[in-house]
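target_17.txt follows (compact mmCIF, C-alpha atoms (C1' of nucleotides)):
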# COMPACT_ATOMS: atom_id res chain seq x y z
CA MET H 1 280.30 387.64 19.27
CA SER H 2 279.64 390.59 21.41
CA LEU H 3 282.88 392.32 22.12
CA ALA H 4 281.45 395.07 19.94
CA HIS H 5 278.37 395.28 22.13
CA ALA H 6 280.37 395.22 25.33
CA ILE H 7 282.44 398.15 24.05
CA LEU H 8 279.37 400.09 22.99
CA SER H 9 277.79 399.51 26.43
CA ALA H 10 280.90 400.82 28.10
CA LEU H 11 280.73 403.94 25.93
CA MET H 12 277.08 404.64 26.75
CA ASP H 13 278.24 405.89 30.14
CA CYS H 14 280.86 408.29 28.93
CA PRO H 15 283.43 408.60 26.13
CA ARG H 16 286.63 406.63 26.71
CA SER H 17 289.93 405.97 24.98
CA GLY H 18 291.11 402.50 23.97
CA TYR H 19 293.42 402.57 26.93
CA ASP H 20 290.59 403.48 29.29
CA LEU H 21 288.50 400.67 27.88
CA ALA H 22 291.28 398.14 28.36
CA LYS H 23 291.54 399.09 32.02
CA TYR H 24 287.79 399.06 32.39
CA PHE H 25 287.61 395.57 30.91
CA ASP H 26 290.19 394.49 33.43
CA SER H 27 288.12 395.65 36.36
CA SER H 28 284.46 396.65 36.20
CA VAL H 29 283.59 394.56 33.17
CA SER H 30 285.59 391.49 34.12
CA PHE H 31 282.59 389.80 35.77
CA PHE H 32 281.17 389.06 32.35
CA TRP H 33 283.59 389.91 29.58
CA ASP H 34 287.26 389.70 28.89
CA ALA H 35 289.33 391.45 26.24
CA THR H 36 292.92 392.50 25.64
CA HIS H 37 293.97 395.90 24.42
CA GLN H 38 294.79 394.51 20.97
CA GLN H 39 291.27 393.23 20.53
CA ILE H 40 289.84 396.48 21.76
CA TYR H 41 291.84 398.68 19.37
CA ARG H 42 290.96 396.48 16.41
CA GLU H 43 287.29 396.52 17.32
CA LEU H 44 287.30 400.29 17.85
CA SER H 45 288.64 400.88 14.33
CA LYS H 46 285.94 398.67 12.94
CA LEU H 47 283.16 400.29 14.93
CA GLU H 48 284.37 403.71 13.85
CA ALA H 49 284.44 402.65 10.19
CA GLU H 50 280.87 401.39 10.55
CA GLY H 51 279.72 404.69 11.98
CA TYR H 52 278.84 403.42 15.44
CA LEU H 53 281.53 405.55 17.03
CA THR H 54 283.27 408.84 16.42
CA ALA H 55 286.79 409.59 17.59
CA GLU H 56 287.70 412.88 19.21
CA LYS H 57 291.39 413.66 19.16
CA ILE H 58 292.78 415.02 22.39
CA ASP H 59 296.25 416.56 22.33
CA GLN H 60 297.96 416.29 25.66
CA GLU H 61 301.17 417.71 27.04
CA GLY H 62 303.51 415.56 29.08
CA ARG H 63 301.71 412.39 28.07
CA PRO H 64 300.73 410.75 24.78
CA ASN H 65 297.86 412.14 22.79
CA LYS H 66 294.73 410.07 22.78
CA LYS H 67 291.45 409.47 21.05
CA LEU H 68 288.20 409.61 22.94
CA PHE H 69 285.50 407.47 21.38
CA HIS H 70 281.88 408.63 21.50
CA ILE H 71 278.96 406.40 20.65
CA THR H 72 276.78 407.74 17.80
CA GLU H 73 273.02 407.53 17.43
CA THR H 74 273.45 404.68 14.96
CA GLY H 75 275.64 402.97 17.52
CA THR H 76 273.06 403.37 20.25
CA ALA H 77 270.32 402.04 17.99
CA PHE H 78 272.52 399.09 17.02
CA LEU H 79 273.10 398.24 20.68
CA GLN H 80 269.44 398.61 21.62
CA ASP H 81 268.47 396.37 18.73
CA TRP H 82 270.86 393.68 19.81
CA ILE H 83 269.62 393.79 23.40
CA ALA H 84 266.04 393.31 22.22
CA GLN H 85 266.99 390.24 20.14
CA PRO H 86 266.60 387.12 22.28
CA SER H 87 269.92 385.33 22.66
CA GLU H 88 271.02 381.80 23.42
CA LEU H 89 272.90 380.76 26.52
CA SER H 90 276.58 381.51 26.24
CA PRO H 91 278.70 378.41 25.70
CA VAL H 92 280.59 376.98 28.66
CA LYS H 93 284.33 376.45 28.33
CA ASP H 94 286.44 375.62 31.28
CA ASP H 95 289.96 374.22 31.35
CA LEU H 96 289.83 372.97 34.92
CA LEU H 97 286.80 370.83 34.15
CA VAL H 98 288.53 369.33 31.11
CA LYS H 99 291.39 368.39 33.39
CA LEU H 100 289.05 366.81 35.89
CA PHE H 101 287.23 364.92 33.18
CA ALA H 102 290.51 363.28 32.22
CA GLY H 103 291.49 363.08 35.89
CA LYS H 104 291.86 359.33 36.08
CA SER H 105 294.85 359.40 33.75
CA VAL H 106 297.11 361.22 36.21
CA PRO H 107 297.94 360.73 39.91
CA LYS H 108 295.23 362.06 42.18
CA GLU H 109 297.65 364.47 43.87
CA ILE H 110 298.03 366.43 40.66
CA ILE H 111 294.29 366.97 40.44
CA LEU H 112 294.07 367.89 44.12
CA LYS H 113 296.86 370.41 43.72
CA GLU H 114 295.16 372.01 40.75
CA LEU H 115 291.85 372.15 42.60
CA ALA H 116 293.56 373.88 45.53
CA HIS H 117 295.20 376.33 43.14
CA HIS H 118 291.92 377.20 41.46
CA ARG H 119 290.17 377.48 44.79
CA GLN H 120 292.68 380.08 45.80
CA GLN H 121 292.29 382.03 42.56
CA HIS H 122 288.51 382.08 42.92
CA CYS H 123 288.94 383.24 46.48
CA LYS H 124 291.05 386.15 45.32
CA ARG H 125 288.57 387.09 42.64
CA LEU H 126 285.73 386.98 45.12
CA GLU H 127 287.57 389.39 47.36
CA GLU H 128 288.13 391.76 44.45
CA TYR H 129 284.46 391.67 43.57
CA ARG H 130 283.48 392.30 47.17
CA ALA H 131 285.80 395.28 47.28
CA ILE H 132 284.15 396.72 44.18
CA ALA H 133 280.74 396.09 45.74
CA GLN H 134 281.82 398.00 48.85
CA ASP H 135 283.05 400.92 46.78
CA LEU H 136 280.01 401.23 44.59
CA PHE H 137 277.13 400.27 46.80
CA GLN H 138 277.87 401.17 50.35
CA SER H 139 275.15 403.77 50.62
CA THR H 140 271.85 402.68 52.14
CA GLY H 141 268.56 403.25 50.42
CA ALA H 142 267.65 403.07 46.76
CA LEU H 143 270.30 402.63 44.12
CA PRO H 144 270.32 405.16 41.28
CA ILE H 145 269.09 403.61 38.06
CA GLU H 146 272.55 403.82 36.47
CA ASN H 147 273.89 401.45 39.09
CA GLN H 148 271.07 398.94 39.36
CA PHE H 149 272.18 396.97 36.35
CA GLN H 150 275.82 397.11 37.28
CA TYR H 151 274.80 395.85 40.69
CA LEU H 152 273.08 392.84 39.15
CA THR H 153 276.07 391.86 37.02
CA LEU H 154 278.42 392.24 39.96
CA HIS H 155 276.09 390.23 42.11
CA HIS H 156 276.22 387.48 39.52
CA GLY H 157 279.99 387.51 39.67
CA ILE H 158 279.98 387.18 43.44
CA ARG H 159 277.44 384.37 43.28
CA SER H 160 279.43 382.56 40.66
CA GLU H 161 282.72 382.79 42.55
CA THR H 162 281.03 381.68 45.76
CA GLY H 163 279.68 378.68 43.89
CA TRP H 164 283.10 377.80 42.51
CA LEU H 165 284.61 377.94 45.98
CA ALA H 166 282.00 375.65 47.42
CA TRP H 167 282.37 373.23 44.52
CA CYS H 168 286.16 373.16 44.89
CA ASP H 169 285.78 372.31 48.56
CA GLU H 170 283.35 369.52 47.78
CA ALA H 171 285.50 368.13 45.01
CA ILE H 172 288.59 368.09 47.23
CA LEU H 173 286.74 366.32 50.04
CA PHE H 174 285.21 363.88 47.59
CA LEU H 175 288.54 362.92 46.08
CA GLN H 176 290.28 362.76 49.43
CA GLY H 177 287.56 360.48 50.74
CA GLU H 178 288.87 357.83 48.35
CA GLY H 179 286.06 358.67 45.99
CA GLY H 180 282.56 357.49 45.87
CA LEU H 181 282.34 356.24 49.43
CA LYS H 182 281.23 359.59 50.71
CA ARG H 183 278.83 360.38 47.91
CA GLN H 184 275.76 362.06 49.27
CA GLN H 185 272.11 361.84 48.35
CA THR H 186 270.91 362.73 44.89
CA GLU H 187 267.80 364.67 45.82
CA SER H 188 268.82 367.77 47.65
CA ARG H 189 267.93 371.33 48.37
CA SER H 190 269.15 372.30 44.94
CA GLN H 191 265.80 371.11 43.61
CA ASN H 192 264.35 374.16 45.29
CA PRO H 193 267.41 376.19 46.07
CA GLU H 194 267.44 378.45 49.03
CA SER H 195 268.72 381.51 47.30
CA GLN H 196 271.65 383.37 48.70
CA SER H 197 270.72 386.85 49.74
CA MET H 198 271.85 389.73 47.65
CA GLU H 199 275.25 391.26 48.20
CA MET U 1 293.03 376.77 23.99
CA SER U 2 292.07 373.31 24.93
CA LEU U 3 289.77 371.88 22.33
CA ALA U 4 292.69 369.60 21.53
CA HIS U 5 292.85 368.48 25.16
CA ALA U 6 289.13 367.98 25.42
CA ILE U 7 289.23 365.74 22.33
CA LEU U 8 292.16 363.76 23.67
CA SER U 9 290.34 363.27 27.00
CA ALA U 10 287.31 361.98 25.18
CA LEU U 11 289.49 359.50 23.31
CA MET U 12 291.14 358.19 26.48
CA ASP U 13 287.94 356.29 27.17
CA CYS U 14 287.57 354.60 23.83
CA PRO U 15 288.23 355.32 20.14
CA ARG U 16 285.61 357.47 18.46
CA SER U 17 284.90 358.94 15.04
CA GLY U 18 284.56 362.67 14.38
CA TYR U 19 280.84 362.19 14.23
CA ASP U 20 280.80 360.39 17.58
CA LEU U 21 282.84 363.17 19.13
CA ALA U 22 280.49 365.83 17.83
CA LYS U 23 277.56 364.05 19.45
CA TYR U 24 279.54 363.51 22.62
CA PHE U 25 280.40 367.21 22.81
CA ASP U 26 276.71 367.94 22.46
CA SER U 27 275.79 365.84 25.46
CA SER U 28 278.26 364.47 28.00
CA VAL U 29 280.91 367.11 27.48
CA SER U 30 278.57 370.08 27.23
CA PHE U 31 278.90 370.90 30.95
CA PHE U 32 282.35 372.27 30.30
CA TRP U 33 283.19 372.45 26.60
CA ASP U 34 281.47 373.29 23.38
CA ALA U 35 282.54 372.52 19.82
CA THR U 36 280.95 372.12 16.41
CA HIS U 37 281.69 369.28 14.03
CA GLN U 38 283.76 371.55 11.77
CA GLN U 39 286.06 372.45 14.59
CA ILE U 40 286.36 368.83 15.64
CA TYR U 41 287.27 367.56 12.16
CA ARG U 42 289.87 370.28 11.72
CA GLU U 43 291.39 369.56 15.11
CA LEU U 44 291.43 365.82 14.47
CA SER U 45 293.46 366.29 11.27
CA LYS U 46 295.91 368.42 13.17
CA LEU U 47 296.23 366.01 16.07
CA GLU U 48 296.76 363.13 13.67
CA ALA U 49 299.45 365.08 11.79
CA GLU U 50 301.20 365.75 15.10
CA GLY U 51 301.16 362.07 16.01
CA TYR U 52 298.82 362.34 18.98
CA LEU U 53 296.18 360.23 17.24
CA THR U 54 296.02 357.42 14.70
CA ALA U 55 293.04 356.87 12.42
CA GLU U 56 291.62 353.41 11.82
CA LYS U 57 289.50 353.15 8.68
CA ILE U 58 286.28 351.24 9.08
CA ASP U 59 284.40 350.24 5.92
CA GLN U 60 280.70 349.91 6.52
CA GLU U 61 277.84 348.63 4.38
CA GLY U 62 274.59 350.51 4.21
CA ARG U 63 276.12 353.57 5.83
CA PRO U 64 279.10 355.83 5.18
CA ASN U 65 282.56 354.57 6.03
CA LYS U 66 284.20 356.16 9.00
CA LYS U 67 287.50 356.73 10.74
CA LEU U 68 287.98 355.72 14.34
CA PHE U 69 290.58 357.82 16.13
CA HIS U 70 292.81 356.23 18.74
CA ILE U 71 295.00 358.21 21.11
CA THR U 72 298.71 357.34 20.89
CA GLU U 73 301.26 357.16 23.67
CA THR U 74 302.60 360.56 22.62
CA GLY U 75 299.05 361.85 22.77
CA THR U 76 298.52 360.48 26.26
CA ALA U 77 301.79 361.97 27.47
CA PHE U 78 300.89 365.32 25.91
CA LEU U 79 297.55 365.31 27.75
CA GLN U 80 299.08 364.28 31.07
CA ASP U 81 301.65 367.02 30.74
CA TRP U 82 299.02 369.64 30.14
CA ILE U 83 297.00 368.48 33.12
CA ALA U 84 300.02 368.79 35.40
CA GLN U 85 300.73 372.36 34.22
CA PRO U 86 298.86 374.80 36.52
CA SER U 87 296.35 376.86 34.56
CA GLU U 88 294.63 380.20 35.01
CA LEU U 89 290.94 380.67 35.55
CA SER U 90 289.02 380.46 32.31
CA PRO U 91 287.76 383.84 31.12
CA VAL U 92 284.12 384.70 31.68
CA LYS U 93 282.04 385.76 28.68
CA ASP U 94 278.33 386.10 28.88
CA ASP U 95 275.98 387.86 26.50
CA LEU U 96 273.11 388.15 28.94
CA LEU U 97 275.28 390.03 31.42
CA VAL U 98 276.44 392.43 28.70
CA LYS U 99 272.78 393.13 27.97
CA LEU U 100 272.07 393.74 31.62
CA PHE U 101 275.05 396.01 31.98
CA ALA U 102 273.61 398.22 29.25
CA GLY U 103 270.10 397.63 30.61
CA LYS U 104 269.27 401.24 31.36
CA SER U 105 269.30 402.12 27.65
CA VAL U 106 266.21 400.03 26.83
CA PRO U 107 262.74 399.70 28.41
CA LYS U 108 262.78 397.52 31.51
CA GLU U 109 260.27 395.07 29.98
CA ILE U 110 262.81 394.03 27.36
CA ILE U 111 265.30 393.10 30.04
CA LEU U 112 262.68 391.28 32.07
CA LYS U 113 261.61 389.31 29.02
CA GLU U 114 265.17 388.31 28.29
CA LEU U 115 265.73 387.30 31.90
CA ALA U 116 262.63 385.10 31.80
CA HIS U 117 263.81 383.57 28.55
CA HIS U 118 267.22 382.73 29.95
CA ARG U 119 265.70 381.42 33.13
CA GLN U 120 263.71 378.97 31.09
CA GLN U 121 266.73 377.86 29.09
CA HIS U 122 268.75 377.27 32.25
CA CYS U 123 265.84 375.30 33.65
CA LYS U 124 265.83 373.07 30.61
CA ARG U 125 269.56 372.52 30.80
CA LEU U 126 269.32 371.67 34.47
CA GLU U 127 266.74 369.01 33.69
CA GLU U 128 268.97 367.54 31.02
CA TYR U 129 271.88 367.38 33.43
CA ARG U 130 269.73 365.76 36.09
CA ALA U 131 268.60 363.16 33.60
CA ILE U 132 272.22 362.34 32.77
CA ALA U 133 272.99 362.14 36.49
CA GLN U 134 270.14 359.68 36.94
CA ASP U 135 271.35 357.53 34.06
CA LEU U 136 274.95 357.40 35.12
CA PHE U 137 274.85 357.43 38.86
CA GLN U 138 271.72 355.76 40.12
CA SER U 139 273.50 352.86 41.75
CA THR U 140 274.16 353.09 45.46
CA GLY U 141 277.58 352.59 46.97
CA ALA U 142 280.97 353.55 45.62
CA LEU U 143 281.38 354.97 42.15
CA PRO U 144 283.92 353.23 39.92
CA ILE U 145 287.01 355.38 39.42
CA GLU U 146 286.18 355.98 35.75
CA ASN U 147 283.00 357.78 36.79
CA GLN U 148 284.21 359.78 39.75
CA PHE U 149 285.65 362.55 37.67
CA GLN U 150 282.73 362.64 35.29
CA TYR U 151 280.52 362.89 38.34
CA LEU U 152 282.39 365.94 39.57
CA THR U 153 282.13 367.77 36.25
CA LEU U 154 278.45 366.97 35.98
CA HIS U 155 277.93 368.09 39.54
CA HIS U 156 279.54 371.39 38.65
CA GLY U 157 277.14 371.78 35.74
CA ILE U 158 274.15 371.16 37.98
CA ARG U 159 275.46 373.57 40.58
CA SER U 160 276.07 376.24 37.97
CA GLU U 161 272.63 375.95 36.41
CA THR U 162 270.99 376.00 39.83
CA GLY U 163 272.92 379.16 40.57
CA TRP U 164 271.82 380.79 37.33
CA LEU U 165 268.19 380.00 38.07
CA ALA U 166 268.37 381.52 41.52
CA TRP U 167 270.13 384.60 40.16
CA CYS U 168 267.53 385.05 37.41
CA ASP U 169 264.77 384.92 40.01
CA GLU U 170 266.51 387.47 42.18
CA ALA U 171 267.21 389.77 39.25
CA ILE U 172 263.59 389.64 38.09
CA LEU U 173 262.29 390.42 41.58
CA PHE U 174 264.83 393.17 41.99
CA LEU U 175 263.89 394.89 38.75
CA GLN U 176 260.16 394.44 39.34
CA GLY U 177 260.52 395.96 42.78
CA GLU U 178 261.26 399.27 41.08
CA GLY U 179 264.93 398.72 41.70
CA GLY U 180 266.97 399.44 44.69
CA LEU U 181 264.16 399.77 47.18
CA LYS U 182 264.24 396.11 47.98
CA ARG U 183 267.95 395.73 48.06
CA GLN U 184 268.97 393.43 50.84
CA GLN U 185 271.86 393.50 53.25
CA THR U 186 275.42 393.37 51.99
CA GLU U 187 276.82 390.87 54.45
CA SER U 188 275.14 387.58 53.86
CA ARG U 189 275.57 383.87 54.16
CA SER U 190 277.64 383.93 50.99
CA GLN U 191 280.55 385.00 53.15
CA ASN U 192 280.51 381.49 54.53
CA PRO U 193 278.29 379.71 52.08
CA GLU U 194 276.23 376.77 53.18
CA SER U 195 277.17 374.43 50.42
CA GLN U 196 274.53 372.67 48.46
CA SER U 197 274.69 368.96 48.96
CA MET U 198 276.04 366.80 46.20
CA GLU U 199 273.77 365.56 43.46
C1' DT K 1 257.68 362.44 0.78
C1' DA K 2 259.74 364.93 4.06
C1' DA K 3 262.74 365.04 7.72
C1' DC K 4 266.29 363.06 10.27
C1' DC K 5 270.42 360.03 11.06
C1' DC K 6 275.00 358.67 9.66
C1' DA K 7 279.49 360.46 8.11
C1' DT K 8 282.88 363.53 6.22
C1' DG K 9 284.63 367.44 4.65
C1' DT K 10 285.97 372.66 2.22
C1' DA K 11 286.12 377.74 2.25
C1' DA K 12 285.62 382.22 3.83
C1' DC K 13 285.46 384.91 7.43
C1' DC K 14 285.59 386.69 12.16
C1' DT K 15 287.49 386.60 16.87
C1' DG K 16 291.17 385.85 20.16
C1' DT K 17 296.22 385.26 21.41
C1' DT K 18 301.07 386.27 21.43
C1' DA K 19 304.86 388.78 20.29
C1' DC K 20 306.78 392.96 18.88
C1' DA K 21 307.30 398.12 18.76
C1' DT K 22 307.65 403.02 20.56
C1' DG K 23 308.50 406.60 23.96
C1' DA K 24 307.70 410.20 27.52
C1' DT K 25 306.53 410.73 32.57
C1' DT K 26 306.29 409.40 37.33
C1' DA K 27 306.83 406.88 41.62
C1' DA K 28 309.70 403.52 44.61
C1' DT B 1 317.65 403.20 37.99
C1' DT B 2 314.11 400.22 37.56
C1' DA B 3 309.45 399.51 37.02
C1' DA B 4 304.98 401.14 36.28
C1' DT B 5 301.66 404.24 33.95
C1' DC B 6 299.89 406.45 29.88
C1' DA B 7 298.82 405.67 25.03
C1' DT B 8 298.66 403.57 20.49
C1' DG B 9 299.37 400.39 17.33
C1' DT B 10 301.15 396.13 13.60
C1' DA B 11 301.70 391.25 12.29
C1' DA B 12 301.30 386.45 12.44
C1' DC B 13 298.88 382.86 13.90
C1' DA B 14 295.35 380.01 16.30
C1' DG B 15 290.65 379.15 17.36
C1' DG B 16 285.66 379.67 16.41
C1' DT B 17 281.49 380.59 13.24
C1' DT B 18 278.66 380.21 9.18
C1' DA B 19 277.59 378.56 4.89
C1' DC B 20 278.01 375.14 1.55
C1' DA B 21 278.41 370.31 -0.24
C1' DT B 22 277.39 365.22 -0.73
C1' DG B 23 274.52 361.01 -0.40
C1' DG B 24 272.49 356.61 1.15
C1' DG B 25 269.39 354.68 4.86
C1' DT B 26 265.61 355.04 8.20
C1' DT B 27 261.51 356.69 10.45
C1' DA B 28 256.97 359.33 10.59

Go ahead and render the structure in this file as structure tokens.
Amino acid sequence: MSLAHAILSALMDCPRSGYDLAKYFDSSVSFFWDATHQQIYRELSKLEAEGYLTAEKIDQEGRPNKKLFHITETGTAFLQDWIAQPSELSPVKDDLLVKLFAGKSVPKEIILKELAHHRQQHCKRLEEYRAIAQDLFQSTGALPIENQFQYLTLHHGIRSETGWLAWCDEAILFLQGEGGLKRQQTESRSQNPESQSME
Amino acid sequence: MSLAHAILSALMDCPRSGYDLAKYFDSSVSFFWDATHQQIYRELSKLEAEGYLTAEKIDQEGRPNKKLFHITETGTAFLQDWIAQPSELSPVKDDLLVKLFAGKSVPKEIILKELAHHRQQHCKRLEEYRAIAQDLFQSTGALPIENQFQYLTLHHGIRSETGWLAWCDEAILFLQGEGGLKRQQTESRSQNPESQSME
DNA sequence: TAACCCATGTAACCTGTTACATGATTAA
DNA sequence: TTAATCATGTAACAGGTTACATGGGTTA
């Protein structure tokens, strides 16, 4: 869908090589998009052919030559157009939840183990996100405009990981409590959620 | 990745036709997986060819004939195996967050409009999930084992939508507040989140 | 009489994954 | 001397999207 748009966004900032983009997608873009270097190179060729990007060849000594991709005016317009188009909610796809859904067909310990494993992975991710937050936004006072939007996406990532952690904890307790007996009330604060404060 | 597994899980319950599955994926599975009828039919053929499913032909009068798919023992074993294999976190991909990331390249009103639009869609989804929760889990006392896992997946969906709503509200306020000036403190309750109570 | 439900599919295309391939430089 | 970093790609395959196709029965 929007790998192309994610790449164009990343190139609005500054020109980057395919390699740079792959690294970028592994860190500062990972809160909301995921792509391998193979996908990125293929998409870059396509975007160049369509005139949304131009490649600048950089000869280097002591390391491989590279191509820096710059976004063109057509590319910028294409991105702006897409942003202005209202879009649907992105589809949800989650392996762990598929496993849980079929949970009754395996011993409970297997599910509990997998929940613990995922809990730990979310924990790790949360720490990574917090570290990025520290790096980027430690100054007091107003954020420069360039960083406001990045801040919001990162904040979403932190929120989402925090939510996963809490859900994992609940699910583990629920299943350990022999299921069902400890179910709590249906109407809760989530009707009118007390929002977590910003990171 | 796991469309095959999601289909097999759905058939653990009871045999279903492709059409049934498509409807099921549109409602009770939508908290964690998404698939169109084309994908489902293709996957069913494949799963049948591999021996994980058998098709039972049902001739009907007054409406089209159909095929009911039953999971086989091989199919069950295949699913159980997959569940026991530890899996990585599912990748995040979200269009709205890509738009926000590139937010500085369009007028702020466009972003605010899109945020409001998404907020409304998440609201609608949350209501749908709550309605399903009411239907399935209104009884007091212990949940039957068959429903415990479904309950947990649904609960995750409700949690996630609640989180999205709260984030949309925060993002809208943040951007309306001329950005940055109203940023709140970095260390917050999310360090040790007060979990929302179960639905 | 129009739209929706039931029910199944094909075909073309685009996107994502996995494996393979190269090769110099630098840090442990 | 082993592994990681820099840097770019091809090829095959699997998974997902969009458009097309059929056709009777039911509800507004």

Residue with smallest distance to chain B - pool U:Ala142, U:Ile40, U:Leu68, U:Leu11, counting all atoms listed in the file: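 Using all atoms listed in the file, the shortest distance to chain B belongs to U:Ile40.
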
Distance-based interface of chain K with chain H, 8 Å, counting only C-alpha atoms (C1' of nucleotides), as an MDAnalysis selection string: chainID K and resid 15:16 24:25

Set out as a tab-separated table a contact list for chain B and chain H with a cut-off of 9 Å, giving each residue of chain B that qualifies its closest atom pair and distance in Å to one decimal, counting all atoms listed in the file, ordered by chain and rising residue number.
residue	atom	partner	partner_atom	distance
B:DC6	C1'	H:Arg63	CA	6.5
B:DA7	C1'	H:Pro64	CA	5.4
B:DT8	C1'	H:Lys66	CA	7.9
B:DG9	C1'	H:Tyr41	CA	8.0

Edge lengths and centre in Å to one decimal, as lines of an AutoDock Vina configuration file, of the axis-aligned box that encloses all listed atoms of range 76-85 of chain H with 3 Å added on every side?
center_x = 269.6
center_y = 396.8
center_z = 20.2
size_x = 13.1
size_y = 19.1
size_z = 12.4

Residues near Ser105 in chain H, cut-off 10 Å, all atoms listed in the file, skip fewer than 2 positions along chain, as JSON, numbers by chain: {"H": [99, 100, 101, 102, 103, 107, 108], "U": [9, 12, 76, 77, 79, 80, 83, 146]}

Computed interatomic separation between CA of Phe69 in chain U and CA of Asp13 in chain U (Å):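 Interatomic distance, CA of Phe69 in chain U to CA of Asp13 in chain U: 11.5 Å.
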
Nearest to chain U, chosen from H:Lys113, H:Lys93, H:Lys23, H:Lys57, with only C-alpha atoms counted in the distances: H:Lys93

Shortest interatomic distance to chain H - which of U:Ile58, U:Leu97, U:Cys168, U:Ile71, counting all atoms listed in the file: U:Leu97

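With all atoms listed in the file as the basis for measurement, H:Asp95 is the residue among H:Glu109, H:Asp59, H:Glu128, H:Asp95 that approaches chain U most closely.
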
Separation of CA of Asp169 in chain H from CA of Ala116 in chain H in Å: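 Distance between the two atoms: 8.5 Å.
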
Distance of CA of Phe32 in chain U from CA of His156 in chain H, expressed in Å to one decimal place: 18.8 Å

Neighbours of point (280.6, 370.2, -0.4) within 12 Å, using all atoms listed in the file, written as a list in words: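 Taken together, the residues in range are DT8, DG9, DT10 and DA11 of chain K; DA19, DC20, DA21, DT22 and DG23 of chain B.
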
Contact residues around range 149-151 of chain U with only C-alpha atoms (C1' of nucleotides) at 12 Å, ignoring same-chain residues under 3 positions, as an MDAnalysis selection string: (chainID H and resid 96:106 108 111:112 170:172 174:175 179:180 183:184 186) or (chainID U and resid 9:10 13 28:32 129:130 132:138 142:146 154:158 198:199)
